[in-house]
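Asker: work_37.tsv is the file, holding TSV, C-alpha atoms:
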```
chain	number	residue	atom	x	y	z
A	200	MET	CA	140.12	119.22	140.79
A	201	LYS	CA	138.52	117.61	143.82
A	202	SER	CA	138.58	119.91	146.85
A	203	ASP	CA	139.34	117.14	149.35
A	204	ARG	CA	142.61	116.06	147.79
A	205	ASN	CA	145.73	116.46	149.86
A	206	PHE	CA	148.84	118.02	148.36
A	207	ARG	CA	152.14	116.60	149.57
A	208	TRP	CA	154.79	119.23	148.99
A	209	ILE	CA	157.59	116.89	150.04
A	210	SER	CA	156.91	113.40	148.75
A	211	GLY	CA	159.42	110.78	147.80
A	212	LEU	CA	161.92	112.59	145.64
A	213	ALA	CA	159.70	115.64	145.22
A	214	VAL	CA	160.77	118.84	146.91
A	215	LEU	CA	158.99	122.19	146.73
A	216	VAL	CA	160.32	124.97	148.90
A	217	ILE	CA	158.40	128.03	147.83
A	218	ALA	CA	157.37	129.65	151.11
A	219	PHE	CA	153.84	130.91	150.45
A	220	PRO	CA	152.28	133.10	153.16
A	221	LEU	CA	147.53	134.59	152.24
A	222	THR	CA	144.17	136.49	149.90
A	223	GLY	CA	143.56	136.69	146.15
A	224	LEU	CA	142.42	137.97	142.76
A	225	ALA	CA	142.63	136.74	139.18
A	226	GLN	CA	144.80	133.87	138.04
A	227	THR	CA	145.73	133.38	134.39
A	228	CYS	CA	147.43	130.46	132.65
A	229	ILE	CA	149.22	130.90	129.33
A	230	THR	CA	150.00	127.67	127.46
A	231	ALA	CA	153.02	127.17	125.24
A	232	ASP	CA	150.83	127.67	122.14
A	233	GLU	CA	149.64	131.04	123.46
A	234	MET	CA	153.00	132.19	124.79
A	235	ASP	CA	155.26	134.58	122.94
A	236	ALA	CA	158.42	132.98	121.60
A	237	ALA	CA	160.77	134.95	123.87
A	238	THR	CA	158.97	133.91	127.08
A	239	LYS	CA	158.71	130.28	126.00
A	240	SER	CA	162.42	130.21	125.19
A	241	ALA	CA	163.33	131.90	128.48
A	242	ILE	CA	161.33	129.46	130.65
A	243	THR	CA	162.56	126.36	128.82
A	244	GLY	CA	166.12	127.66	128.70
A	245	ALA	CA	166.18	128.39	132.44
A	246	ALA	CA	164.80	124.94	133.28
A	247	THR	CA	167.33	123.23	131.01
A	248	ARG	CA	170.16	125.27	132.53
A	249	TYR	CA	169.04	124.42	136.07
A	250	PHE	CA	168.76	120.72	135.17
A	251	ASP	CA	172.39	120.83	134.08
A	252	MET	CA	173.27	122.19	137.53
A	253	VAL	CA	171.18	119.48	139.21
A	254	SER	CA	172.74	116.66	137.17
A	255	ARG	CA	176.24	117.93	138.00
A	256	GLY	CA	175.40	118.42	141.65
A	257	ASP	CA	176.23	122.13	141.35
A	258	THR	CA	174.09	123.17	144.31
A	259	ALA	CA	176.03	126.39	144.86
A	260	SER	CA	175.03	127.78	141.45
A	261	LEU	CA	171.49	126.56	141.87
A	262	LYS	CA	171.20	128.31	145.22
A	263	GLN	CA	172.50	131.54	143.69
A	264	ASN	CA	169.76	131.33	141.06
A	265	SER	CA	166.92	130.66	143.54
A	266	ILE	CA	164.28	132.97	144.94
A	267	PRO	CA	165.02	134.08	148.54
A	268	ALA	CA	162.49	131.67	150.10
A	269	VAL	CA	164.33	128.75	148.48
A	270	ALA	CA	167.88	130.02	148.99
A	271	ASN	CA	167.22	130.62	152.70
A	272	ASN	CA	165.90	127.05	153.18
A	273	PHE	CA	168.15	125.15	150.80
A	274	ALA	CA	169.29	122.22	152.94
A	275	GLY	CA	166.46	119.84	152.05
A	276	LEU	CA	166.69	120.54	148.34
A	277	GLU	CA	170.48	120.21	148.44
A	278	GLY	CA	170.18	116.81	150.11
A	279	THR	CA	167.74	115.58	147.46
A	280	ILE	CA	170.03	116.74	144.65
A	281	ASN	CA	173.06	115.03	146.20
A	282	GLU	CA	171.09	111.80	146.69
A	283	ASN	CA	170.16	111.69	143.01
A	284	LYS	CA	173.28	113.15	141.40
A	285	ALA	CA	174.65	109.73	140.50
A	286	ASN	CA	171.36	108.67	138.92
A	287	LEU	CA	170.94	111.88	136.91
A	288	SER	CA	174.57	112.34	135.85
A	289	GLY	CA	174.81	112.24	132.07
A	290	GLY	CA	171.04	112.23	131.72
A	291	HIS	CA	169.39	113.63	128.60
A	292	ALA	CA	166.53	116.05	129.22
A	293	THR	CA	163.67	116.70	126.79
A	294	PRO	CA	161.45	119.67	127.79
A	295	ARG	CA	157.68	119.44	127.53
A	296	PRO	CA	155.73	122.56	126.48
A	297	PRO	CA	155.94	125.02	129.42
A	298	PHE	CA	153.21	126.97	131.20
A	299	GLU	CA	153.21	130.58	132.38
A	300	LEU	CA	151.08	131.35	135.44
A	301	LYS	CA	150.13	134.92	136.38
A	302	ALA	CA	148.74	135.60	139.86
A	303	GLU	CA	147.35	139.13	140.31
A	304	GLY	CA	146.72	141.12	143.46
A	305	THR	CA	148.65	142.57	146.37
A	306	ALA	CA	148.56	139.66	148.83
A	307	PRO	CA	149.03	135.88	148.68
A	308	ILE	CA	146.13	133.87	147.25
A	309	PRO	CA	144.79	131.15	149.61
A	310	ARG	CA	143.94	128.82	146.71
A	311	ALA	CA	145.32	129.92	143.37
A	312	GLU	CA	143.67	127.95	140.56
A	313	PHE	CA	144.90	128.10	136.97
A	314	LEU	CA	142.91	126.56	134.10
A	315	CYS	CA	145.12	126.04	131.07
A	316	GLY	CA	143.92	125.31	127.56
A	317	ILE	CA	140.41	124.34	126.47
A	318	PHE	CA	137.83	122.88	128.87
A	319	ASN	CA	134.38	121.63	127.88
A	320	ALA	CA	131.17	120.78	129.74
A	321	GLY	CA	132.74	117.53	130.91
A	322	GLY	CA	135.82	119.23	132.32
A	323	GLN	CA	139.33	118.74	130.97
A	324	THR	CA	140.21	117.92	127.40
A	325	ALA	CA	143.20	116.06	125.99
A	326	ASN	CA	145.38	119.19	125.85
A	327	SER	CA	144.24	121.03	128.97
A	328	ALA	CA	145.79	121.22	132.44
A	329	GLU	CA	144.88	122.56	135.86
A	330	PHE	CA	147.16	123.89	138.58
A	331	VAL	CA	146.02	124.49	142.16
A	332	ILE	CA	148.62	126.06	144.46
A	333	PRO	CA	147.83	127.15	148.03
A	334	ASN	CA	149.00	130.48	149.46
A	335	LEU	CA	150.61	131.75	146.27
A	336	PRO	CA	152.01	135.30	146.35
A	337	PRO	CA	151.22	137.56	143.38
A	338	GLY	CA	153.71	137.20	140.57
A	339	THR	CA	154.55	135.54	137.28
A	340	TYR	CA	155.58	131.89	137.38
A	341	GLY	CA	156.76	129.32	134.89
A	342	VAL	CA	156.31	125.55	135.10
A	343	SER	CA	158.66	123.44	133.01
A	344	ILE	CA	158.65	119.62	133.06
A	345	LEU	CA	161.61	117.73	131.61
A	346	ASP	CA	161.52	114.06	130.63
A	347	VAL	CA	164.94	112.70	131.53
A	348	THR	CA	166.51	109.48	130.28
A	349	THR	CA	169.40	108.05	132.30
A	350	GLN	CA	171.39	104.83	132.33
A	351	LYS	CA	169.49	103.67	135.43
A	352	SER	CA	165.90	104.87	135.33
A	353	PRO	CA	163.80	107.52	133.56
A	354	TYR	CA	162.76	110.58	135.56
A	355	THR	CA	160.63	113.64	135.30
A	356	VAL	CA	162.47	116.68	136.62
A	357	SER	CA	160.13	119.63	137.04
A	358	PHE	CA	160.90	123.25	137.86
A	359	VAL	CA	158.70	125.99	139.23
A	360	LEU	CA	160.25	129.29	138.24
A	361	GLN	CA	159.42	132.82	139.32
A	362	GLN	CA	160.14	135.83	137.15
A	363	ILE	CA	162.29	138.35	138.99
A	364	GLY	CA	163.03	141.29	136.72
A	365	THR	CA	164.17	139.69	133.46
A	366	ASP	CA	165.38	136.48	135.12
A	367	TRP	CA	163.53	133.24	135.85
A	368	LYS	CA	164.62	132.13	139.33
A	369	LEU	CA	164.21	128.68	140.87
A	370	GLY	CA	161.12	128.46	143.10
A	371	GLY	CA	160.59	124.70	143.28
A	372	LEU	CA	162.11	121.42	142.16
A	373	PHE	CA	160.57	117.97	141.76
A	374	LEU	CA	162.65	114.86	141.02
A	375	ARG	CA	160.47	111.83	140.35
A	376	PRO	CA	161.40	108.43	138.87
A	377	THR	CA	158.83	107.23	136.35
A	378	GLU	CA	159.67	103.56	136.84
A	379	ILE	CA	160.11	101.24	139.82
A	380	GLY	CA	162.03	98.02	139.23
A	381	GLY	CA	161.79	98.63	135.49
A	382	HIS	CA	158.00	99.00	135.62
A	383	ASP	CA	156.17	102.20	134.62
A	384	SER	CA	152.77	103.63	135.50
A	385	LYS	CA	150.94	101.62	132.82
A	386	TRP	CA	152.45	98.36	134.10
A	387	PHE	CA	151.15	99.00	137.62
A	388	LEU	CA	147.73	100.09	136.37
A	389	ASP	CA	147.45	97.00	134.15
A	390	HIS	CA	148.45	94.73	137.03
A	391	ALA	CA	145.98	96.51	139.30
A	392	ASN	CA	143.19	95.55	136.91
A	393	THR	CA	144.51	91.98	136.77
A	394	TYR	CA	144.47	91.73	140.57
A	395	LYS	CA	140.96	93.16	140.57
A	396	THR	CA	139.68	90.48	138.19
A	397	LYS	CA	141.26	87.83	140.45
A	398	GLY	CA	139.34	89.23	143.43
A	399	GLN	CA	142.48	90.57	145.12
A	400	THR	CA	140.94	94.00	145.56
A	401	HIS	CA	143.36	95.24	148.23
A	402	THR	CA	146.44	94.58	146.10
A	403	ALA	CA	144.60	96.07	143.13
A	404	TRP	CA	143.98	99.31	144.98
A	405	LEU	CA	147.57	99.55	146.23
A	406	TYR	CA	148.96	98.95	142.75
A	407	TYR	CA	146.58	101.55	141.37
A	408	LEU	CA	147.94	104.07	143.89
A	409	GLU	CA	151.48	103.35	142.72
A	410	GLY	CA	150.49	103.61	139.07
A	411	ARG	CA	148.91	106.98	139.71
A	412	GLU	CA	151.93	108.18	141.69
A	413	LEU	CA	154.31	107.31	138.84
A	414	ALA	CA	152.09	109.24	136.40
A	415	LEU	CA	152.33	112.49	138.39
A	416	ALA	CA	155.06	114.93	137.44
A	417	VAL	CA	154.08	117.47	140.11
A	418	PRO	CA	151.41	117.06	142.81
A	419	PHE	CA	149.57	120.31	142.08
A	420	MET	CA	149.00	119.71	138.34
A	421	GLU	CA	146.23	117.63	136.85
A	422	THR	CA	145.35	116.61	133.33
A	423	GLN	CA	142.45	114.71	131.83
A	424	ALA	CA	144.39	111.46	132.25
A	425	ILE	CA	145.23	112.18	135.90
A	426	ASP	CA	141.61	113.13	136.67
A	427	LYS	CA	140.53	109.78	135.28
A	428	LEU	CA	143.02	107.95	137.51
A	429	TYR	CA	141.68	109.72	140.61
A	430	GLU	CA	138.12	108.83	139.67
A	431	GLU	CA	138.93	105.16	139.00
A	432	GLU	CA	141.05	104.87	142.14
A	433	SER	CA	138.18	106.14	144.30
A	434	THR	CA	135.96	103.27	143.09
A	435	MET	CA	138.61	100.72	144.06
A	436	LYS	CA	139.17	101.72	147.70
A	437	PRO	CA	138.57	98.68	149.95
A	438	ALA	CA	136.00	99.29	152.67
A	439	ASP	CA	138.13	97.58	155.34
A	440	PHE	CA	141.26	99.67	154.74
A	441	PRO	CA	141.84	103.00	156.50
A	442	THR	CA	141.17	105.93	154.17
A	443	GLY	CA	140.26	109.57	154.55
A	444	GLY	CA	141.36	109.81	158.19
A	445	SER	CA	139.43	106.73	159.36
A	446	THR	CA	140.97	103.72	161.07
A	447	ALA	CA	140.46	100.03	160.34
A	448	ASP	CA	140.75	97.02	162.63
A	449	LEU	CA	143.39	94.36	162.09
A	450	GLY	CA	143.02	91.17	164.08
A	451	ALA	CA	146.16	89.37	165.26
A	452	PRO	CA	146.80	85.95	166.85
A	453	GLY	CA	145.83	85.81	170.51
A	454	GLY	CA	142.75	87.96	170.00
A	455	LYS	CA	144.60	91.28	169.88
A	456	THR	CA	143.24	93.98	167.56
A	457	TYR	CA	145.31	96.78	166.08
A	458	LYS	CA	143.90	100.06	164.73
A	459	MET	CA	145.44	100.72	161.31
A	460	ILE	CA	145.84	104.40	160.39
A	461	ALA	CA	147.13	104.01	156.83
A	462	VAL	CA	148.24	101.35	154.37
A	463	PHE	CA	150.07	102.42	151.20
A	464	PRO	CA	152.84	101.40	148.77
A	465	LEU	CA	156.27	103.03	148.99
A	466	ALA	CA	159.06	102.90	146.43
A	467	VAL	CA	162.45	102.31	148.08
A	468	GLY	CA	165.12	102.38	145.41
A	469	GLN	CA	163.94	99.84	142.86
A	470	ASP	CA	161.84	97.91	145.40
A	471	LEU	CA	158.16	98.38	146.14
A	472	ASP	CA	157.38	98.03	149.85
A	473	LEU	CA	154.09	98.05	151.71
A	474	VAL	CA	153.75	100.47	154.63
A	475	VAL	CA	151.24	100.08	157.46
A	476	ARG	CA	150.84	102.74	160.16
A	477	TYR	CA	148.88	101.83	163.30
A	478	GLN	CA	147.99	103.23	166.69
A	479	ILE	CA	150.12	102.37	169.71
A	480	ALA	CA	150.04	103.76	173.26
A	481	SER	CA	153.75	104.58	173.37
A	482	VAL	CA	156.92	103.97	171.37
A	483	ALA	CA	159.22	104.73	174.30
A	484	ASP	CA	160.13	101.06	174.68
A	485	THR	CA	161.63	100.47	171.24
A	486	GLY	CA	162.18	96.77	171.90
A	487	GLN	CA	158.50	96.25	172.67
A	488	THR	CA	157.47	98.44	169.74
A	489	PHE	CA	159.63	96.34	167.44
A	490	GLN	CA	157.74	93.24	168.56
A	491	GLU	CA	154.42	94.98	167.99
A	492	ASN	CA	155.55	96.10	164.53
A	493	VAL	CA	156.48	92.55	163.55
A	494	ALA	CA	153.16	91.28	164.91
A	495	VAL	CA	151.26	93.81	162.78
A	496	MET	CA	153.18	92.85	159.64
A	497	LYS	CA	152.55	89.15	160.20
A	498	ALA	CA	148.86	89.77	160.93
A	499	LEU	CA	148.49	91.76	157.72
A	500	LEU	CA	150.14	88.99	155.71
A	501	GLN	CA	147.99	86.37	157.38
A	502	LYS	CA	144.87	88.29	156.35
A	503	TYR	CA	146.13	89.14	152.85
A	504	PRO	CA	148.69	86.46	151.83
A	505	GLU	CA	148.73	87.79	148.24
A	506	PHE	CA	150.86	90.70	149.49
A	507	ARG	CA	153.85	88.36	149.66
A	508	GLU	CA	154.08	88.19	145.88
A	509	ALA	CA	153.07	91.78	145.22
A	510	PHE	CA	155.63	93.58	147.42
A	511	ASP	CA	159.35	93.26	148.17
A	512	GLY	CA	159.12	94.16	151.84
A	513	MET	CA	156.98	95.64	154.58
A	514	VAL	CA	157.32	98.59	156.92
A	515	ALA	CA	155.23	98.88	160.10
A	516	ARG	CA	155.19	102.12	162.04
A	517	GLY	CA	153.64	102.35	165.47
A	518	VAL	CA	152.26	105.87	166.03
A	519	GLU	CA	151.55	107.13	169.55
A	520	PRO	CA	148.94	109.85	170.31
A	521	SER	CA	151.64	112.56	170.30
A	522	GLY	CA	152.42	111.71	166.69
A	523	ARG	CA	155.82	110.25	167.49
A	524	ASP	CA	156.37	106.95	165.71
A	525	TYR	CA	158.80	104.06	165.46
A	526	GLY	CA	159.21	101.94	162.34
A	527	THR	CA	160.51	98.52	161.43
A	528	MET	CA	161.31	97.33	157.90
A	529	MET	CA	161.57	93.66	156.92
A	530	PRO	CA	161.96	91.90	153.56
A	531	MET	CA	159.04	89.62	152.72
A	532	LYS	CA	161.26	86.55	152.81
A	533	ASP	CA	162.04	87.22	156.49
A	534	LEU	CA	158.40	87.40	157.55
A	535	LYS	CA	157.56	83.79	158.29
```
Show me the file's structure as structure tokens.
Answerer:
Amino acid sequence: MKSDRNFRWISGLAVLVIAFPLTGLAQTCITADEMDAATKSAITGAATRYFDMVSRGDTASLKQNSIPAVANNFAGLEGTINENKANLSGGHATPRPPFELKAEGTAPIPRAEFLCGIFNAGGQTANSAEFVIPNLPPGTYGVSILDVTTQKSPYTVSFVLQQIGTDWKLGGLFLRPTEIGGHDSKWFLDHANTYKTKGQTHTAWLYYLEGRELALAVPFMETQAIDKLYEEESTMKPADFPTGGSTADLGAPGGKTYKMIAVFPLAVGQDLDLVVRYQIASVADTGQTFQENVAVMKALLQKYPEFREAFDGMVARGVEPSGRDYGTMMPMKDLK
């Protein structure tokens, strides 16, 4: 795993609320093939039982079966479950082979790294996996990923469980759609390569980001396939887009130049929008900031007109030095 990657613990529909405080010792991963039958059954059974609670919106039972750090900070997770209850209701869950993670020691581990399965000189193999979790307290954990089919859209619903006595308690929950507008990760990756061959490198990179995002079940787990996506994505980054904390200039009519902080795709329901964040002195005057936001969106479309066909809408967010921001969303058809 690359050391400079950022982990987003709350991203889209993903919510992880394990409160991890710091130090470390050995970390061991036990795959489903290595696991004893009773442990494998217990982890998978707990995840399946908790999915049933999630799909029914039974947040009270889920809270009762959570570790204290989750139960004491349940509001965000409860909101996510309620938002997705209608989509997940009646869904059919198929568990993938689970993992058991053992973190030894007497204090939290700053960077707990678990290597699962067989690795070779080139790194991961087809059946291996790697987990990197910051500030993980000692304990025994289970990771169970469920592939869920619903009437609306397929999901992965992933649980991080912690063994407390003989029980497996909820420590983290990730709800992630695997399709946007009926299109899966492969569709976006294929279209990214098509855009690349057409010379539309900026759209190609943005579509590659979305394809990679749809392939991730949890942000702290990587496989051989995910590693390959990270490596390919890094070769596609446009030099004139802001990446890695840098800014990039965006010229606008009248000679004005905006400093872009970030440009990335964002799934909103079944739409794929394009988000641009840029520097602004102040967002106190929301009327003026709205005008600036619209100007940024139009300038970006003027520079990259191919975005009109690739995205359903745009979001511009002016960000002042304090970090406070103000955003404006507009459908592509309204940006003349």
Asker: For Lys351 in chain A, which of A:Gln469, A:Ser445, A:Ser384, A:Thr422 is the closest residue, counting only C-alpha atoms?
Answerer: A:Gln469
Asker: To one decimal in Å, tell me the separation between CA of Leu415 in chain A and CA of Phe373 in chain A.
Answerer: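 So the two atoms, CA of Leu415 in chain A and CA of Phe373 in chain A, lie 10.5 Å apart.
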Asker: Around the point (157.9, 107.8, 172.6), in the coordinates given by the file, pick out the residues reaching within 8 Å, counting all atoms listed in the file, and return them as a list in words.
Answerer: Ser481, Val482, Ala483, Asp484, Glu519, Arg523 and Asp524 of chain A
Asker: I'd like the neighbourhood of Tyr477 in chain A as a list of chain:residue names, where a residue qualifies if any of its atoms comes within 7 Å (using all atoms listed in the file), though same-chain residues fewer than 6 positions away should be ignored.
Answerer: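 Counting all atoms listed in the file, the residues come to A:Tyr457, A:Lys458, A:Met459, A:Ile460, A:Arg516, A:Gly517, A:Val518.
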Asker: Provide the CA of Gly380 in chain A to CA of Tyr394 in chain A distance in Å, to one decimal place.
Answerer: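 The value is 18.7 Å.
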Asker: Name all residues at most 9 Å from Pro297 in chain A (count all atoms listed in the file; drop same-chain ones fewer than 4 positions away) and give them as a VMD selection string.
Answerer: chain A and resid 229 to 231 239 242 to 243 341 to 344
Asker: Here is a test: counting all atoms listed in the file, which residue of A:Ala325, A:Ala225, A:Ala466, A:Leu471 is nearest to Pro307 in chain A?
Answerer: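 Between A:Ala325, A:Ala225, A:Ala466, A:Leu471, the residue approaching Pro307 in chain A most closely is A:Ala225.
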Asker: In terms of the shortest atom-to-atom distance over only C-alpha atoms, which of A:Val356, A:Ala416, A:Leu449, A:Leu300 is closest to Lys502 in chain A?
Answerer: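 Distance minimum relative to Lys502 in chain A lands on A:Leu449.
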Asker: In Å, how far is it from CA of Asn281 in chain A to CA of Val253 in chain A?
Answerer: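 Atom-to-atom, CA of Asn281 in chain A and CA of Val253 in chain A are spaced 8.5 Å apart.
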Asker: Measuring between all atoms listed in the file, which one of A:Lys436, A:Arg411, A:His291, A:His401 shows the shortest distance to Leu500 in chain A?
Answerer: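 Once distances to Leu500 in chain A are computed over all atoms listed in the file, the minimum belongs to A:His401.
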